[in-house]
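Have a look at data-v4.csv; it's CSV, C-alpha atoms and all ligand atoms:
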chain,number,residue,atom,x,y,z
A,26,MET,CA,44.0,-82.9,-8.6
A,27,ILE,CA,45.5,-79.6,-7.4
A,28,SER,CA,42.9,-77.6,-9.3
A,29,LYS,CA,40.1,-79.4,-7.6
A,30,ILE,CA,41.6,-78.7,-4.1
A,31,SER,CA,41.8,-75.0,-5.0
A,32,LYS,CA,38.0,-75.1,-5.6
A,33,ILE,CA,37.3,-76.0,-2.0
A,34,ILE,CA,36.1,-73.5,0.5
A,35,VAL,CA,35.5,-74.6,4.0
A,36,GLY,CA,32.1,-73.2,5.1
A,37,VAL,CA,32.3,-72.9,8.9
A,38,TRP,CA,28.6,-72.3,9.6
A,39,PRO,CA,28.0,-75.8,11.0
A,40,LEU,CA,30.9,-75.2,13.4
A,41,SER,CA,29.1,-72.2,14.9
A,42,GLY,CA,26.5,-74.1,16.9
A,43,ASP,CA,23.7,-73.2,14.5
A,44,PHE,CA,23.5,-76.8,13.3
A,45,GLY,CA,23.3,-78.2,16.8
A,46,PRO,CA,26.0,-78.5,19.5
A,47,VAL,CA,29.6,-78.7,18.5
A,48,MET,CA,32.9,-78.8,20.5
A,49,PRO,CA,35.2,-75.8,20.1
A,50,SER,CA,38.0,-78.4,19.6
A,51,ASP,CA,36.2,-79.6,16.4
A,52,TYR,CA,36.5,-76.1,15.0
A,53,GLU,CA,40.2,-76.0,15.5
A,54,ARG,CA,40.8,-79.5,14.3
A,55,SER,CA,38.7,-78.9,11.1
A,56,VAL,CA,40.4,-75.7,10.2
A,57,ASN,CA,43.9,-77.2,10.9
A,58,ARG,CA,43.0,-80.3,8.9
A,59,ALA,CA,42.1,-78.1,6.0
A,60,LEU,CA,45.4,-76.1,6.3
A,61,ASP,CA,47.4,-79.3,6.5
A,62,LEU,CA,45.9,-80.4,3.2
A,63,GLY,CA,46.6,-77.1,1.4
A,64,ILE,CA,43.0,-75.8,1.5
A,65,LYS,CA,43.3,-72.1,1.9
A,66,SER,CA,39.7,-70.7,1.6
A,67,PHE,CA,37.1,-70.2,4.3
A,68,ASP,CA,33.5,-68.8,4.2
A,69,THR,CA,31.8,-67.3,7.2
A,70,ALA,CA,29.3,-64.5,8.2
A,71,PRO,CA,28.7,-62.1,11.1
A,72,ASN,CA,25.4,-63.9,12.0
A,73,TYR,CA,26.8,-67.4,12.1
A,74,GLY,CA,26.7,-68.3,15.8
A,75,ASN,CA,25.9,-64.6,16.4
A,76,GLY,CA,29.6,-63.6,15.8
A,77,TYR,CA,31.2,-66.7,17.3
A,78,SER,CA,32.0,-68.2,13.8
A,79,GLU,CA,34.1,-65.2,12.8
A,80,SER,CA,35.7,-64.8,16.2
A,81,ALA,CA,36.7,-68.4,16.5
A,82,LEU,CA,38.0,-68.5,12.9
A,83,GLY,CA,40.0,-65.3,13.5
A,84,LEU,CA,41.6,-66.8,16.5
A,85,ILE,CA,42.5,-70.1,14.8
A,86,LEU,CA,43.9,-68.5,11.7
A,87,GLN,CA,45.7,-65.7,13.4
A,88,GLY,CA,49.1,-65.2,11.8
A,89,VAL,CA,48.5,-67.8,9.1
A,90,LYS,CA,49.7,-66.4,5.7
A,91,ASN,CA,48.2,-66.8,2.2
A,92,ILE,CA,44.7,-67.6,3.2
A,93,ASN,CA,41.4,-66.4,1.7
A,94,ILE,CA,38.7,-65.4,4.2
A,95,ASN,CA,35.3,-64.6,2.7
A,96,THR,CA,32.6,-63.1,4.8
A,97,LYS,CA,29.3,-61.2,4.3
A,98,PHE,CA,27.4,-58.2,5.4
A,99,GLY,CA,23.8,-57.3,5.6
A,100,SER,CA,22.8,-60.1,8.0
A,101,LEU,CA,23.9,-59.3,11.5
A,102,PRO,CA,24.0,-61.3,14.7
A,103,PHE,CA,20.6,-62.1,16.4
A,104,GLY,CA,18.6,-62.1,13.2
A,105,VAL,CA,19.0,-58.4,12.4
A,106,LYS,CA,19.2,-57.4,8.7
A,107,LYS,CA,20.6,-53.9,7.8
A,108,PHE,CA,21.7,-52.9,4.3
A,109,GLY,CA,22.3,-49.1,4.7
A,110,ILE,CA,25.8,-48.0,3.8
A,111,ASP,CA,26.6,-47.0,7.4
A,112,ASP,CA,25.4,-50.3,8.6
A,113,LEU,CA,27.4,-52.2,6.1
A,114,LYS,CA,30.5,-50.2,6.9
A,115,LYS,CA,30.1,-50.9,10.6
A,116,SER,CA,29.5,-54.6,10.0
A,117,PHE,CA,32.6,-54.8,7.8
A,118,GLU,CA,34.8,-53.1,10.4
A,119,ASN,CA,33.5,-55.5,13.1
A,120,SER,CA,34.2,-58.5,10.9
A,121,LEU,CA,37.8,-57.3,10.4
A,122,LYS,CA,38.1,-57.1,14.2
A,123,ARG,CA,36.6,-60.5,14.9
A,124,LEU,CA,38.6,-62.1,12.1
A,125,ARG,CA,41.8,-60.3,13.2
A,126,VAL,CA,42.8,-59.3,9.7
A,127,ASP,CA,43.3,-56.1,7.8
A,128,LYS,CA,41.9,-57.4,4.5
A,129,LEU,CA,39.4,-59.9,3.3
A,130,ASN,CA,39.3,-61.9,0.1
A,131,TYR,CA,35.6,-61.6,-0.8
A,132,ILE,CA,32.8,-59.7,0.9
A,133,PHE,CA,29.3,-60.8,-0.1
A,134,LEU,CA,26.1,-58.9,0.3
A,135,HIS,CA,24.2,-61.4,2.4
A,136,ASN,CA,20.8,-62.6,1.1
A,137,PRO,CA,19.1,-59.2,0.3
A,138,ARG,CA,15.5,-59.5,-0.7
A,139,ASN,CA,13.2,-56.5,-0.9
A,140,GLU,CA,15.4,-54.5,1.5
A,141,VAL,CA,17.5,-53.2,-1.4
A,142,LYS,CA,15.8,-51.5,-4.3
A,143,ASP,CA,19.0,-50.5,-6.2
A,144,PHE,CA,22.4,-52.0,-5.8
A,145,GLU,CA,24.3,-49.0,-7.3
A,146,GLU,CA,25.1,-47.3,-4.0
A,147,ILE,CA,26.2,-50.6,-2.5
A,148,ILE,CA,28.4,-51.5,-5.5
A,149,ASN,CA,30.1,-48.1,-5.2
A,150,PHE,CA,30.8,-48.7,-1.6
A,151,MET,CA,32.2,-52.2,-2.4
A,152,GLU,CA,34.3,-50.6,-5.1
A,153,LEU,CA,35.7,-48.2,-2.5
A,154,LEU,CA,36.6,-51.1,-0.2
A,155,LYS,CA,38.4,-52.7,-3.2
A,156,SER,CA,40.3,-49.5,-4.2
A,157,ASP,CA,41.3,-49.0,-0.5
A,158,ASN,CA,42.8,-52.5,-0.6
A,159,LEU,CA,40.5,-53.8,2.1
A,160,ILE,CA,39.1,-56.6,-0.1
A,161,ASN,CA,40.2,-58.5,-3.2
A,162,ASN,CA,36.7,-58.7,-4.6
A,163,TYR,CA,33.0,-58.5,-3.9
A,164,GLY,CA,29.9,-60.5,-4.6
A,165,ILE,CA,26.3,-61.2,-3.7
A,166,SER,CA,25.0,-64.2,-1.8
A,167,VAL,CA,21.6,-64.6,-3.4
A,168,ALA,CA,18.5,-65.5,-1.5
A,169,LYS,CA,17.2,-68.9,-2.8
A,170,ASP,CA,14.6,-68.5,-5.5
A,171,PHE,CA,14.5,-64.7,-5.3
A,172,ASN,CA,14.3,-62.8,-8.6
A,173,TYR,CA,16.8,-60.0,-8.8
A,174,HIS,CA,16.4,-57.2,-11.3
A,175,ASP,CA,20.1,-56.9,-12.1
A,176,ILE,CA,23.1,-58.4,-10.2
A,177,SER,CA,25.5,-58.4,-13.1
A,178,LYS,CA,27.9,-55.9,-11.5
A,179,PHE,CA,28.9,-58.2,-8.7
A,180,SER,CA,32.0,-60.2,-9.5
A,181,GLY,CA,30.9,-63.3,-7.6
A,182,ILE,CA,27.6,-65.0,-7.0
A,183,GLN,CA,27.1,-67.3,-4.1
A,184,LEU,CA,24.1,-69.6,-4.5
A,185,ASP,CA,22.4,-72.7,-3.3
A,186,CYS,CA,23.4,-75.6,-5.6
A,187,ASN,CA,23.1,-79.3,-5.0
A,188,LEU,CA,21.5,-82.5,-6.3
A,189,LEU,CA,18.1,-81.3,-5.1
A,190,TYR,CA,18.2,-77.7,-6.2
A,191,LEU,CA,19.7,-76.3,-9.4
A,192,LYS,CA,17.3,-73.4,-10.2
A,193,ASP,CA,19.6,-70.5,-9.2
A,194,PHE,CA,22.6,-72.3,-10.8
A,195,ASN,CA,20.7,-72.6,-14.1
A,196,LYS,CA,19.9,-68.9,-13.9
A,197,TYR,CA,23.3,-67.5,-13.1
A,198,ALA,CA,26.1,-69.9,-14.2
A,199,GLY,CA,28.0,-69.7,-17.4
A,200,LYS,CA,28.2,-65.9,-17.5
A,201,ASN,CA,31.2,-63.7,-16.6
A,202,GLN,CA,30.8,-64.0,-12.8
A,203,GLU,CA,32.5,-66.4,-10.5
A,204,ILE,CA,30.1,-69.0,-9.2
A,205,PHE,CA,30.3,-70.1,-5.5
A,206,ALA,CA,28.1,-73.1,-5.0
A,207,ARG,CA,27.0,-73.4,-1.4
A,208,SER,CA,25.2,-76.2,0.6
A,209,PRO,CA,26.5,-79.1,-1.5
A,210,LEU,CA,24.8,-81.5,0.9
A,211,ALA,CA,21.6,-79.4,1.0
A,212,SER,CA,22.4,-78.5,4.6
A,213,GLY,CA,23.0,-82.1,5.6
A,214,ILE,CA,19.9,-83.6,3.8
A,215,LEU,CA,22.3,-85.4,1.4
A,216,SER,CA,24.6,-86.7,4.2
A,217,GLY,CA,23.2,-90.2,3.9
A,218,LYS,CA,22.1,-90.1,7.5
A,219,LEU,CA,18.6,-88.7,7.1
A,220,LYS,CA,15.7,-91.0,8.2
A,221,SER,CA,12.0,-90.5,8.6
A,222,ASN,CA,12.4,-90.4,12.4
A,223,THR,CA,15.4,-88.0,12.3
A,224,LYS,CA,14.9,-85.3,15.0
A,225,PHE,CA,17.2,-82.3,15.1
A,226,HIS,CA,18.5,-80.8,18.4
A,227,LYS,CA,16.4,-77.7,19.4
A,228,SER,CA,19.4,-75.5,18.9
A,229,ASP,CA,19.8,-76.8,15.3
A,230,TYR,CA,18.2,-74.3,12.8
A,231,ARG,CA,17.0,-77.4,10.8
A,232,SER,CA,14.6,-78.4,13.7
A,233,GLY,CA,12.3,-75.6,12.6
A,234,TRP,CA,11.7,-76.9,9.0
A,235,LEU,CA,13.0,-80.4,8.4
A,236,ASP,CA,10.3,-82.6,9.7
A,237,GLY,CA,6.8,-84.1,9.1
A,238,THR,CA,5.5,-84.4,5.5
A,239,ARG,CA,8.3,-82.2,4.2
A,240,LEU,CA,10.9,-84.6,5.5
A,241,ASP,CA,8.9,-87.6,4.0
A,242,GLY,CA,8.8,-85.9,0.6
A,243,ILE,CA,12.5,-85.2,0.7
A,244,LEU,CA,13.2,-88.9,1.6
A,245,ASN,CA,11.2,-89.9,-1.5
A,246,ARG,CA,13.4,-87.7,-3.6
A,247,LEU,CA,16.5,-89.1,-2.1
A,248,ASN,CA,15.2,-92.6,-3.0
A,249,VAL,CA,14.7,-91.6,-6.6
A,250,ILE,CA,18.3,-90.4,-6.8
A,251,LYS,CA,19.6,-93.6,-5.2
A,252,GLU,CA,17.6,-95.8,-7.6
A,253,ASN,CA,18.9,-93.9,-10.6
A,254,ILE,CA,22.5,-93.7,-9.5
A,255,PRO,CA,23.2,-96.7,-7.3
A,256,HIS,CA,26.9,-96.8,-7.7
A,257,LEU,CA,27.8,-93.9,-5.5
A,258,THR,CA,26.8,-93.0,-1.9
A,259,LEU,CA,24.5,-89.9,-1.7
A,260,PRO,CA,27.2,-87.6,-0.1
A,261,SER,CA,29.9,-88.7,-2.6
A,262,LEU,CA,27.6,-88.2,-5.5
A,263,ALA,CA,26.6,-84.8,-4.2
A,264,ARG,CA,30.1,-83.6,-3.7
A,265,LYS,CA,31.5,-84.9,-7.0
A,266,PHE,CA,28.6,-83.4,-8.9
A,267,LEU,CA,29.8,-80.0,-7.9
A,268,LEU,CA,33.6,-80.6,-7.8
A,269,PHE,CA,33.6,-81.9,-11.4
A,270,ASN,CA,31.2,-79.3,-12.8
A,271,ASN,CA,33.3,-76.8,-14.9
A,272,LYS,CA,30.7,-74.0,-14.5
A,273,ILE,CA,31.3,-73.9,-10.8
A,274,ASP,CA,34.4,-72.0,-9.7
A,275,TRP,CA,34.2,-72.7,-5.9
A,276,VAL,CA,32.3,-75.2,-3.7
A,277,ILE,CA,31.6,-74.1,-0.2
A,278,PHE,CA,31.4,-77.3,1.9
A,279,GLY,CA,29.6,-77.1,5.3
A,280,VAL,CA,32.1,-78.7,7.6
A,281,LYS,CA,31.3,-79.8,11.2
A,282,LYS,CA,34.3,-82.0,11.9
A,283,ALA,CA,37.7,-82.8,10.5
A,284,SER,CA,36.6,-86.1,9.0
A,285,HIS,CA,34.3,-84.2,6.7
A,286,ILE,CA,37.4,-82.7,5.0
A,287,ASN,CA,38.8,-86.2,4.6
A,288,ASP,CA,35.6,-87.2,2.8
A,289,ILE,CA,35.9,-84.3,0.4
A,290,MET,CA,39.5,-85.3,-0.3
A,291,ASP,CA,38.5,-89.0,-0.9
A,292,ASP,CA,36.1,-87.8,-3.6
A,293,ILE,CA,38.7,-85.7,-5.3
A,294,ASN,CA,41.1,-88.5,-5.3
A,295,SER,CA,38.7,-91.1,-6.7
A,296,LYS,CA,37.2,-91.5,-10.1
A,297,GLU,CA,35.8,-88.4,-11.8
A,298,LEU,CA,32.0,-88.2,-12.2
A,299,ASP,CA,31.1,-89.0,-15.8
A,300,ASN,CA,29.0,-86.8,-18.0
A,301,SER,CA,26.2,-89.3,-18.4
A,302,THR,CA,25.7,-89.3,-14.6
A,303,ILE,CA,25.8,-85.5,-14.5
A,304,GLU,CA,23.2,-85.4,-17.3
A,305,LYS,CA,20.9,-87.9,-15.5
A,306,ILE,CA,20.9,-85.7,-12.3
A,307,ILE,CA,20.2,-82.6,-14.4
A,308,GLN,CA,17.3,-84.4,-16.0
A,309,LEU,CA,15.8,-85.5,-12.7
A,310,GLU,CA,16.1,-82.0,-11.3
A,311,ASN,CA,14.6,-80.3,-14.3
A,312,ASN,CA,11.6,-82.6,-14.1
A,313,ASN,CA,11.1,-81.6,-10.5
A,314,PHE,CA,11.2,-85.2,-9.5
A,315,TYR,CA,9.0,-86.0,-6.5
A,316,GLN,CA,8.9,-82.4,-5.4
A,317,ALA,CA,7.6,-82.6,-1.8
A,318,ASP,CA,6.0,-79.1,-1.7
A,319,ASN,CA,6.7,-75.7,-3.0
A,320,LYS,CA,9.1,-74.8,-0.2
A,321,GLY,CA,12.1,-76.4,-1.9
A,322,PHE,CA,14.3,-79.4,-1.4
B,401,LIG,N1,22.9,-67.4,2.4
B,401,LIG,C1,24.2,-67.8,2.5
B,401,LIG,O1,25.0,-66.9,2.3
B,401,LIG,C2,24.5,-69.2,2.9
B,401,LIG,C3,23.5,-70.1,3.1
B,401,LIG,C4,23.9,-71.4,3.4
B,401,LIG,C5,25.2,-71.7,3.5
B,401,LIG,N2,26.2,-70.8,3.3
B,401,LIG,C6,27.6,-71.1,3.3
B,401,LIG,O2,27.8,-72.3,2.7
B,401,LIG,C7,28.4,-73.3,3.6
B,401,LIG,C8,27.9,-74.6,3.3
B,401,LIG,O3,26.5,-74.7,3.5
B,401,LIG,P1,25.9,-75.8,4.5
B,401,LIG,O4,26.5,-75.5,5.8
B,401,LIG,O5,24.4,-75.7,4.3
B,401,LIG,O6,26.6,-77.1,3.9
B,401,LIG,P2,26.3,-78.5,3.5
B,401,LIG,O7,27.6,-79.1,3.1
B,401,LIG,O8,25.2,-78.6,2.5
B,401,LIG,O9,25.7,-79.2,4.8
B,401,LIG,C9,26.5,-79.2,6.0
B,401,LIG,C10,26.0,-80.4,6.9
B,401,LIG,O10,26.2,-81.6,6.2
B,401,LIG,C11,26.6,-82.6,7.0
B,401,LIG,N3,27.9,-83.1,6.5
B,401,LIG,C12,28.9,-82.3,6.0
B,401,LIG,N4,29.9,-83.1,5.6
B,401,LIG,C13,29.6,-84.4,5.9
B,401,LIG,C14,30.2,-85.6,5.7
B,401,LIG,N5,31.4,-85.7,5.1
B,401,LIG,N6,29.5,-86.7,6.1
B,401,LIG,C15,28.3,-86.6,6.6
B,401,LIG,N7,27.7,-85.5,6.8
B,401,LIG,C16,28.3,-84.4,6.5
B,401,LIG,C17,26.7,-82.1,8.4
B,401,LIG,O11,25.3,-82.3,8.9
B,401,LIG,P3,25.0,-82.8,10.4
B,401,LIG,O12,25.1,-81.5,11.1
B,401,LIG,O13,23.6,-83.3,10.3
B,401,LIG,O14,26.0,-83.7,10.8
B,401,LIG,C18,26.8,-80.6,8.2
B,401,LIG,O15,26.3,-79.8,9.2
B,401,LIG,C19,28.1,-72.7,5.0
B,401,LIG,O16,29.0,-73.2,6.0
B,401,LIG,C20,28.2,-71.2,4.8
B,401,LIG,O17,29.5,-70.9,4.8
B,401,LIG,C21,25.8,-69.5,2.9
Go ahead and render the structure in this file as structure tokens.
Ligand SMILES: NC(=O)c1ccc[n+]([C@@H]2O[C@H](COP(=O)([O-])OP(=O)(O)OC[C@H]3O[C@@H](n4cnc5c(N)ncnc54)[C@H](OP(=O)(O)O)[C@@H]3O)[C@@H](O)[C@H]2O)c1
Amino acid sequence: MISKISKIIVGVWPLSGDFGPVMPSDYERSVNRALDLGIKSFDTAPNYGNGYSESALGLILQGVKNININTKFGSLPFGVKKFGIDDLKKSFENSLKRLRVDKLNYIFLHNPRNEVKDFEEIINFMELLKSDNLINNYGISVAKDFNYHDISKFSGIQLDCNLLYLKDFNKYAGKNQEIFARSPLASGILSGKLKSNTKFHKSDYRSGWLDGTRLDGILNRLNVIKENIPHLTLPSLARKFLLFNNKIDWVIFGVKKASHINDIMDDINSKELDNSTIEKIIQLENNNFYQADNKGF
């Protein structure tokens, strides 16, 4: 059981306000619940809540020892993207300040697409951060479905991975890099709460894409999963699928309230997901079951 707990990373993006309104007290309660249970790893980024996510996390974790904070650079507050070395350096320094730490566990290059032609200069810069003892390690957070020429020099790869999307996992897992699976509930789609009349708050980034025929198509896909694997709820199945997958080193759970951490613990403490169920899910995904459109999910 201990090893599964050490796989958990609390992703604090939903606590930033980008997934609809949240209470600041939920942030503190969620992080403290994680710490009480021995969960020590957190994932954030400068652009989550336009800096709020890092600042709030820094305040709550101030003085707490033996924790791993992972953040990113390249995507800045207010939708700005900058991947020049000077920009990355400035972003890194600002993250240290907001997070109130002298050192980070992991720094990820955040979703580069065509902005970066050659990773060598960036890798050299990240190596420098490592040799200066400012980070333990560095990785790349890959943009969904994007084809990279060569990302083999990054120690870790952060990628979308869930019951509805395994393409990037299939591409990168099983090599010599640490795999960080993010969006285990497909940004809430697998929470079990989604309905055809679900409307997201206007401040929720999902309000811009999760509606209409796309939403209907996704609900069809969820029904196929439920028909094929009826013995588990969707969110439990989604979490267990990643927690009990040996090719995944870390799972970054999007947490919006303390009870979400309890749900993860319940899944860890209950029966392991068997291989035949895992195989069934992989088969469904590989057959692109009920794909709503080309946009994913
Ligand atoms: N490009 C990148 O680098 C990138 C991209 C995406 C995510 N990430 C990282 O990965 C983390 C996880 O991704 P994600 O936020 O998309 O996570 P997720 O776990 O797929 O979805 C989070 C959403 O699922 C719902 N949820 C979570 N736990 C629940 C539970 N126990 N019961 C019911 N609903 C639950 C909440 O939805 P409601 O809001 O609807 O309640 C929450 O906002 C992020 O926090 C971030 O750190 C990185």
Item to check | Ser120 (chain A) surroundings by only C-alpha atoms, 10 Å radius, close-in-sequence under 6 positions cut, as a ChimeraX atom specification | outcome: /A:69-71,76,79-80,83,96-98,114,126-127,129
Give me a file of those residues, with C-alpha atoms, as a PDB file, keeping the file's coordinate frame.
ATOM      1  CA  THR A  69      31.800 -67.300   7.200  1.00  0.00           C
ATOM      2  CA  ALA A  70      29.300 -64.500   8.200  1.00  0.00           C
ATOM      3  CA  PRO A  71      28.700 -62.100  11.100  1.00  0.00           C
ATOM      4  CA  GLY A  76      29.600 -63.600  15.800  1.00  0.00           C
ATOM      5  CA  GLU A  79      34.100 -65.200  12.800  1.00  0.00           C
ATOM      6  CA  SER A  80      35.700 -64.800  16.200  1.00  0.00           C
ATOM      7  CA  GLY A  83      40.000 -65.300  13.500  1.00  0.00           C
ATOM      8  CA  THR A  96      32.600 -63.100   4.800  1.00  0.00           C
ATOM      9  CA  LYS A  97      29.300 -61.200   4.300  1.00  0.00           C
ATOM     10  CA  PHE A  98      27.400 -58.200   5.400  1.00  0.00           C
ATOM     11  CA  LYS A 114      30.500 -50.200   6.900  1.00  0.00           C
ATOM     12  CA  VAL A 126      42.800 -59.300   9.700  1.00  0.00           C
ATOM     13  CA  ASP A 127      43.300 -56.100   7.800  1.00  0.00           C
ATOM     14  CA  LEU A 129      39.400 -59.900   3.300  1.00  0.00           C
TER      15      LEU A 129
END
Next on the checklist: Applying 8 Å and only C-alpha atoms, which residues near region 132-142 of chain A remain after dropping the ones on its own chain fewer than 3 positions away? List them as a list in words.
Outcome noted: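 With the cut-off at 8 Å, the set is Asn95, Thr96, Lys97, Phe98, Gly99, Ser100, Phe108, Leu129, Ile160, Asn162, Tyr163, Gly164, Ile165, Ser166, Val167, Ala168, Phe171 and Gln183 of chain A.
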Item to check | 6 Å shell around ligand LIG 401 (chain B) using all atoms listed in the file, listed as a ChimeraX atom specification | outcome: /A:36-39,44,68-69,135-136,166,207-213,216,277-281,285,288
What's around Lys29 (chain A) at 9 Å? Count only C-alpha atoms, leave out sequence neighbours fewer than 5 positions away in its own chain, and write the answer as an mmCIF file with C-alpha atoms, keeping the file's coordinate frame.
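Wrote out.cif, looks like this:
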data_model
loop_
_atom_site.group_PDB
_atom_site.id
_atom_site.type_symbol
_atom_site.label_atom_id
_atom_site.label_comp_id
_atom_site.auth_asym_id
_atom_site.auth_seq_id
_atom_site.Cartn_x
_atom_site.Cartn_y
_atom_site.Cartn_z
ATOM 1 C CA LEU A 268 33.600 -80.600 -7.800
ATOM 2 C CA PHE A 269 33.600 -81.900 -11.400
ATOM 3 C CA ILE A 293 38.700 -85.700 -5.300
#
Checklist entry - What is the distance, in Å and to one decimal place, between CA of Asp299 (chain A) and CA of Ala59 (chain A)? => result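 CA of Ala59 (chain A) lies at a distance of 26.7 Å from CA of Asp299 (chain A).
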Checklist entry - Got a sec: who's within 10 Å of region 30-33 of chain A, counting all atoms listed in the file, leaving out chain neighbours fewer than 6 positions off, as a list of chain:residue names? => result A:Ala59, A:Leu62, A:Gly63, A:Ile64, A:Lys65, A:Ser66, A:Phe67, A:Phe205, A:Leu267, A:Leu268, A:Phe269, A:Ile273, A:Asp274, A:Trp275, A:Val276, A:Ile277, A:Phe278, A:Ile286, A:Ile289, A:Met290, A:Ile293, A:Asn294
Item to check | For Lys305 (chain A), the nearest of the candidates A:Lys227, A:Lys251, A:Lys192, A:Arg239, counting all atoms listed in the file | outcome: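 Among A:Lys227, A:Lys251, A:Lys192, A:Arg239, it is A:Lys251 that comes nearest to Lys305 (chain A).
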Checklist entry - Neighbours of Arg231 (chain A) within 10 Å (all atoms listed in the file; same-chain residues fewer than 2 positions away dropped), as an MDAnalysis selection string? => result chainID A and resid 43:45 212:214 224:229 233:236
Checklist entry - Taking into account all atoms listed in the file, which residue in the set A:Ser177, A:Leu60, A:Pro260, A:Leu219 is nearest to Lys196 (chain A)? => result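 The shortest atom-to-atom distance to Lys196 (chain A) comes from A:Ser177.
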Checklist entry - In terms of the shortest atom-to-atom distance over only C-alpha atoms, which of A:Val249, A:Met48, A:Leu189, A:Leu240 is closest to Ala263 (chain A)? => result A:Leu189
Checklist entry - Just how far from CA of Gly217 (chain A) is CA of Thr238 (chain A), in Å to one decimal? => result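 CA of Gly217 (chain A) lies 18.7 Å from CA of Thr238 (chain A).
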Item to check | Computed interatomic separation between CA of Leu159 (chain A) and CA of Lys272 (chain A) (Å) | outcome: 27.9 Å
Item to check | Given only C-alpha atoms as the counted atoms, nearest of A:Asn271, A:Lys218, A:Leu259, A:Lys155 to Ser28 (chain A) | outcome: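 Under the stated criterion, the closest residue is A:Asn271.
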Checklist entry - Quick one: of A:Gly109, A:Lys122, A:Val47, A:Pro255, who's nearest to Leu84 (chain A), counting all atoms listed in the file? => result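 Ranked by minimum distance to Leu84 (chain A), first place goes to A:Lys122.
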Checklist outcome for this item: Among A:Asn270, A:Asn149, A:Ser180, A:Ser221, Glu203 (chain A) is approached most closely, using only C-alpha atoms, by A:Ser180
